[in-house]
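Colleague: Pasting in a structure now, in structure tokens, and then I'll have a few things to ask.
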Amino acid sequence: MDLKFKVLKKSNKNMARLGEFTTKWGVSKTPMFMPVGTQATVKTLNPEELKSAHANVVLSNTYHLWLRPGEDIVKDSGGLHEFMNYKNGPILTDSGGFQVFSLAKKEDIKEEGVRFKSHIDGTELFLSPEKSIEIQNKLGADIIMSFDECPPYPATYEYMENSIERTLRWAIRGKKVHNNKEQALFGIVQGGEFEELRKRSAIETVKIGFDGYSIGGAAVGETKEVQYKEVEYATKYLPEDKVRYLMGVGDPIDIIEGVKRGVDIFDCVAPTRIARHGNAHTRHGKINLRNSKYKRDFTPLEDNCDCYACSNFTKAYIRHLLISEEVLGQRLLSIHNIRFLTKLVEDIRENIESDTLEEFGEEFKRKYYEEGKE
RNA sequence: GCGGUAUUGGUGAAGUGAUUAACACGCCAGAUUGUGGCUCUGGUAUGCGUGGGUUUGAUUCCCACAUACCGCC
């Protein structure tokens, strides 16, 4: 399915662009941030809470849903939107590549696919590009991903070269079996830290032809500088008229830097994971609500935040919930952190419109890093 | 009043005549980037009820005292 992506405005100073794409759920604005709902749920949150946090696209996961409850059950329920009753916007499913490669041994990655053991019960499993697309066709997300290899960092040039070539062959195989015309299929650019390989991977993936392009294998342990370079190496060779998605990146600063380099979509488990572990993003840096200094702090997580948590509760109360292991604490922080990032991309969109993204980025970074230090 | 047993950090506790007093919980911090895991990693008793004594050396042995519990008058 063509996403009918439109670039509405391009910066004169960098590669940032303001855009939108359309699905049956309506118009989605870019740059955007997608919260992650691995097992057909953004952990601790219901669809209404996601809506209140301004979430639009939600990401779910092929590997997990394949194992539990199984793609046929999701299909028979009416598809992923019906199954999880998510009607606020599109759903994207990851191919399972990332999970599989964290479970598989290097020697179990073969041309045909990957052999590995279930994290649930140790059952031996096999996932191939065809199988991944077949499962995703049944799950019924609006956007699905090619099955790629996400190599660890650091990897040698030779390993990475073989890996991107195999990922390209897998992309072709996946595209060939993709038969759900309601779904957009994205290709994935790999290549690690190597400019030549990122370039080749991008050009060749574009030749195959996809509805959008992802940059994978970033934020796997490399420095920020390397990560930003990797993004640049890829976006330079991606077509202007297709959506670009930087997989797994969700640090606020990294989002700003990614947008400046031409990225439209981001996803990350971080906002919800750090929330469950007691942390909140604020414009003045990340804070750990479990710290004793918040014991008697009767102010919201953040002034002028319109999220449900900040509108109704104090840091002292949220800290009490976390220390007492009450799940409401995790929910409130999850709502806040998602809203923090959806607000960040809203601000980014406004600043692309006025072509002031560089200034906005510097100011944001200064507050986030420096003021947070005290 | 007489006898017995016990006394180790915020808590529950292990332990030894002599390098850094185990472990758990709690507490205090940190991590977290296409989420198996409300997870992981650190820190947290300059002292073993108090006062004496024996000893090269005592939290560990002895004595007294204090406190607690259990018996008996």
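Residues are named by chain letter and number: chains run A, B, ... in the order of the structure tokens, numbers start at 1 in each chain, and ligands are numbered from 1 in the order shown.
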Residues of chain B that have any atom at most 8 Å from an atom of chain A: could you tabulate them with the shortest-distance atom pair and the distance in Å to one decimal, using only C-alpha atoms (C1' of nucleotides), ordered by chain and increasing number, as JSON lines?

Modeller:
```
{"residue": "B:A29", "atom": "C1'", "partner": "A:Asn291", "partner_atom": "CA", "distance": 7.9}
{"residue": "B:U32", "atom": "C1'", "partner": "A:Ile274", "partner_atom": "CA", "distance": 6.4}
{"residue": "B:U33", "atom": "C1'", "partner": "A:Val249", "partner_atom": "CA", "distance": 4.9}
{"residue": "B:G34", "atom": "C1'", "partner": "A:Gly248", "partner_atom": "CA", "distance": 4.7}
{"residue": "B:U35", "atom": "C1'", "partner": "A:Val269", "partner_atom": "CA", "distance": 5.9}
{"residue": "B:G36", "atom": "C1'", "partner": "A:His119", "partner_atom": "CA", "distance": 5.6}
{"residue": "B:C38", "atom": "C1'", "partner": "A:Arg276", "partner_atom": "CA", "distance": 6.4}
```

Colleague: Can I get the selected residues back with all heavy atoms, as a CSV table (one decimal), in the first residue's frame?

Modeller:
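Output below, filename result_24.csv:
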```csv
chain,number,residue,atom,x,y,z
B,29,A,P,18.8,9.0,46.7
B,29,A,OP1,18.6,10.4,46.8
B,29,A,OP2,17.8,8.0,46.2
B,29,A,O5',20.2,8.8,45.9
B,29,A,C5',20.1,8.4,44.5
B,29,A,C4',21.5,8.0,44.1
B,29,A,O4',21.9,6.8,44.8
B,29,A,C3',21.5,7.6,42.6
B,29,A,O3',21.7,8.7,41.8
B,29,A,C2',22.7,6.6,42.6
B,29,A,O2',23.9,7.3,42.7
B,29,A,C1',22.5,5.9,43.9
B,29,A,N9,21.6,4.7,43.8
B,29,A,C8,20.3,4.6,44.2
B,29,A,N7,19.7,3.4,43.9
B,29,A,C5,20.7,2.8,43.2
B,29,A,C6,20.7,1.5,42.6
B,29,A,N6,19.7,0.7,42.6
B,29,A,N1,21.9,1.2,41.9
B,29,A,C2,22.9,2.0,41.9
B,29,A,N3,23.0,3.2,42.4
B,29,A,C4,21.8,3.6,43.1
B,32,U,P,21.9,4.2,29.8
B,32,U,OP1,22.9,4.4,28.7
B,32,U,OP2,21.1,5.2,30.3
B,32,U,O5',21.0,3.0,29.3
B,32,U,C5',21.4,1.6,29.1
B,32,U,C4',20.1,0.8,29.1
B,32,U,O4',19.6,0.9,30.5
B,32,U,C3',19.1,1.2,28.1
B,32,U,O3',18.6,0.2,27.3
B,32,U,C2',17.9,1.8,29.0
B,32,U,O2',16.7,1.4,28.6
B,32,U,C1',18.2,1.2,30.4
B,32,U,N1,17.8,2.1,31.5
B,32,U,C2,16.8,1.5,32.4
B,32,U,O2,16.4,0.4,32.2
B,32,U,N3,16.4,2.3,33.4
B,32,U,C4,16.8,3.6,33.6
B,32,U,O4,16.4,4.2,34.6
B,32,U,C5,17.8,4.1,32.7
B,32,U,C6,18.2,3.3,31.7
B,33,U,P,19.1,-0.2,25.9
B,33,U,OP1,18.5,-1.5,25.6
B,33,U,OP2,20.5,0.0,25.8
B,33,U,O5',18.3,0.9,25.0
B,33,U,C5',16.9,0.9,24.9
B,33,U,C4',16.6,1.5,23.5
B,33,U,O4',17.1,2.9,23.6
B,33,U,C3',17.2,0.8,22.3
B,33,U,O3',16.3,0.4,21.4
B,33,U,C2',18.2,1.8,21.7
B,33,U,O2',18.0,2.0,20.3
B,33,U,C1',17.8,3.1,22.4
B,33,U,N1,18.9,4.0,22.7
B,33,U,C2,19.0,5.2,22.0
B,33,U,O2,18.2,5.5,21.1
B,33,U,N3,20.1,5.9,22.3
B,33,U,C4,21.1,5.6,23.2
B,33,U,O4,22.0,6.4,23.3
B,33,U,C5,20.9,4.4,23.9
B,33,U,C6,19.9,3.6,23.6
B,34,G,P,15.2,-0.7,21.5
B,34,G,OP1,14.6,-0.7,22.8
B,34,G,OP2,16.1,-1.7,21.1
B,34,G,O5',14.0,-0.5,20.4
B,34,G,C5',14.4,-0.6,19.0
B,34,G,C4',13.3,-1.1,18.3
B,34,G,O4',13.6,-0.9,16.9
B,34,G,C3',13.2,-2.7,18.4
B,34,G,O3',12.2,-2.9,19.4
B,34,G,C2',12.8,-3.1,17.0
B,34,G,O2',11.4,-3.0,16.8
B,34,G,C1',13.5,-2.1,16.1
B,34,G,N9,14.9,-2.5,15.8
B,34,G,C8,16.0,-2.3,16.5
B,34,G,N7,17.1,-2.7,15.8
B,34,G,C5,16.6,-3.2,14.6
B,34,G,C6,17.3,-3.8,13.6
B,34,G,O6,18.5,-4.0,13.4
B,34,G,N1,16.4,-4.2,12.6
B,34,G,C2,15.0,-4.0,12.6
B,34,G,N2,14.4,-4.5,11.5
B,34,G,N3,14.4,-3.4,13.6
B,34,G,C4,15.2,-3.1,14.6
B,35,U,P,11.6,-4.6,19.6
B,35,U,OP1,12.3,-5.3,18.5
B,35,U,OP2,10.2,-4.7,19.8
B,35,U,O5',12.4,-5.1,20.9
B,35,U,C5',12.5,-4.2,22.0
B,35,U,C4',12.7,-5.0,23.3
B,35,U,O4',12.3,-4.0,24.3
B,35,U,C3',11.6,-6.1,23.3
B,35,U,O3',12.2,-7.4,23.1
B,35,U,C2',10.8,-5.8,24.6
B,35,U,O2',10.9,-6.8,25.6
B,35,U,C1',11.4,-4.6,25.2
B,35,U,N1,10.3,-3.5,25.4
B,35,U,C2,10.2,-3.1,26.7
B,35,U,O2,10.9,-3.6,27.6
B,35,U,N3,9.3,-2.1,27.0
B,35,U,C4,8.5,-1.5,26.1
B,35,U,O4,7.7,-0.7,26.4
B,35,U,C5,8.7,-2.0,24.7
B,35,U,C6,9.6,-2.9,24.4
B,36,G,P,13.4,-8.0,23.8
B,36,G,OP1,14.1,-7.0,24.6
B,36,G,OP2,14.2,-8.8,22.8
B,36,G,O5',12.5,-8.8,24.7
B,36,G,C5',12.6,-10.1,25.0
B,36,G,C4',11.4,-10.6,25.7
B,36,G,O4',11.5,-12.0,25.9
B,36,G,C3',11.3,-10.0,27.1
B,36,G,O3',10.2,-9.1,27.1
B,36,G,C2',11.1,-11.2,28.0
B,36,G,O2',9.7,-11.5,28.2
B,36,G,C1',11.8,-12.3,27.2
B,36,G,N9,13.2,-12.3,27.3
B,36,G,C8,14.2,-11.9,26.4
B,36,G,N7,15.4,-12.1,26.9
B,36,G,C5,15.2,-12.6,28.1
B,36,G,C6,16.2,-13.0,29.1
B,36,G,O6,17.4,-13.0,29.0
B,36,G,N1,15.6,-13.5,30.3
B,36,G,C2,14.2,-13.6,30.4
B,36,G,N2,13.8,-14.1,31.6
B,36,G,N3,13.3,-13.2,29.6
B,36,G,C4,13.9,-12.7,28.4
B,38,C,P,9.3,-6.8,33.6
B,38,C,OP1,7.9,-6.9,33.6
B,38,C,OP2,10.0,-6.1,32.5
B,38,C,O5',9.7,-6.3,35.0
B,38,C,C5',10.8,-5.6,35.3
B,38,C,C4',10.6,-4.9,36.6
B,38,C,O4',9.3,-4.2,36.5
B,38,C,C3',10.3,-5.9,37.7
B,38,C,O3',11.6,-6.1,38.4
B,38,C,C2',9.4,-5.2,38.6
B,38,C,O2',10.1,-4.4,39.6
B,38,C,C1',8.6,-4.3,37.7
B,38,C,N1,7.2,-4.8,37.4
B,38,C,C2,6.3,-4.9,38.5
B,38,C,O2,6.7,-4.6,39.6
B,38,C,N3,5.1,-5.3,38.2
B,38,C,C4,4.7,-5.7,37.0
B,38,C,N4,3.5,-6.1,36.8
B,38,C,C5,5.6,-5.6,35.9
B,38,C,C6,6.9,-5.2,36.1
```

Colleague: Using only C-alpha atoms (C1' of nucleotides), I'd like a table of the residues in segment 2-44 of chain B that come within 10 Å of segment 49-61 of chain B; for each, show the closest atom pair and its distance in Å rounded to one decimal, ordered by chain and ascending number, as JSON lines.

Modeller:
```
{"residue": "B:U7", "atom": "C1'", "partner": "B:G49", "partner_atom": "C1'", "distance": 5.7}
{"residue": "B:U8", "atom": "C1'", "partner": "B:U59", "partner_atom": "C1'", "distance": 7.5}
{"residue": "B:G15", "atom": "C1'", "partner": "B:U60", "partner_atom": "C1'", "distance": 9.2}
{"residue": "B:U16", "atom": "C1'", "partner": "B:U60", "partner_atom": "C1'", "distance": 6.3}
{"residue": "B:G17", "atom": "C1'", "partner": "B:A58", "partner_atom": "C1'", "distance": 6.2}
{"residue": "B:A18", "atom": "C1'", "partner": "B:G57", "partner_atom": "C1'", "distance": 5.9}
{"residue": "B:A21", "atom": "C1'", "partner": "B:U59", "partner_atom": "C1'", "distance": 8.6}
```

Colleague: Store the residues of this selection in a file with C-alpha atoms (C1' of nucleotides), as a PDB file, in the first residue's frame.

Modeller:
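Result written to again_2.pdb:
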```pdb
ATOM      1  C1'   U B   7      21.874  -9.954  73.200  1.00  0.00           C
ATOM      2  C1'   U B   8      25.721  -8.957  65.814  1.00  0.00           C
ATOM      3  C1'   G B  15      29.854 -16.594  61.533  1.00  0.00           C
ATOM      4  C1'   U B  16      35.144 -16.910  63.513  1.00  0.00           C
ATOM      5  C1'   G B  17      40.418 -16.461  68.910  1.00  0.00           C
ATOM      6  C1'   A B  18      43.924 -13.117  64.277  1.00  0.00           C
ATOM      7  C1'   A B  21      31.773  -9.569  59.786  1.00  0.00           C
TER       8        A B  21
END
```

Colleague: Please provide as number ranges by chain all residues within 9 Å of Tyr368 of chain A, with the sequence filter that same-chain residues fewer than 5 positions apart are discarded (counting only C-alpha atoms (C1' of nucleotides)).

Modeller: A: 252-253, 282-286, 363, 373

Colleague: If we count only C-alpha atoms (C1' of nucleotides), what is near segment 76-78 of chain A at a cut-off of 9 Å, once residues fewer than 5 positions away on the same chain are taken out, given as a list in words?

Modeller: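 In the requested form, the answer reads Glu71, Phe83, Lys138 and Gly140 of chain A.
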
Colleague: For the selection you just gave me, I'd like the residues written to a file as a short mmCIF file (atom, residue, chain, number, x, y, z; two decimals), in the first residue's frame, keeping N, CA, C and O atoms.

Modeller:
```
data_model
loop_
_atom_site.label_atom_id
_atom_site.label_comp_id
_atom_site.auth_asym_id
_atom_site.auth_seq_id
_atom_site.Cartn_x
_atom_site.Cartn_y
_atom_site.Cartn_z
N GLU A 71 -0.27 -15.88 15.23
CA GLU A 71 -0.82 -14.95 14.25
C GLU A 71 -2.23 -15.32 13.80
O GLU A 71 -3.02 -14.44 13.44
N PHE A 83 -7.97 -6.76 17.67
CA PHE A 83 -7.50 -7.59 18.80
C PHE A 83 -7.16 -6.72 20.01
O PHE A 83 -7.58 -7.00 21.12
N LYS A 138 -0.75 -11.77 8.21
CA LYS A 138 -1.88 -12.22 9.03
C LYS A 138 -2.16 -11.28 10.19
O LYS A 138 -3.32 -11.06 10.55
N GLY A 140 -1.79 -8.15 10.28
CA GLY A 140 -2.61 -7.10 9.69
C GLY A 140 -2.28 -5.68 10.08
O GLY A 140 -3.17 -4.81 10.05
#
```

Colleague: Output as number ranges by chain all residues of segment 15-264 of chain A that backbone DSSP marks as alpha helix (DSSP H).

Modeller: A: 47-52, 62-67, 71-76, 80-84, 97-103, 129-139, 157-177, 195-208, 224-235, 252-260

Colleague: Please identify the strand (DSSP E) residues within segment 227-339 of chain A (assignment by DSSP from backbone atoms) and present them as a PyMOL selection string.

Modeller: chain A and resi 243-246+265-268+279-282+285-288
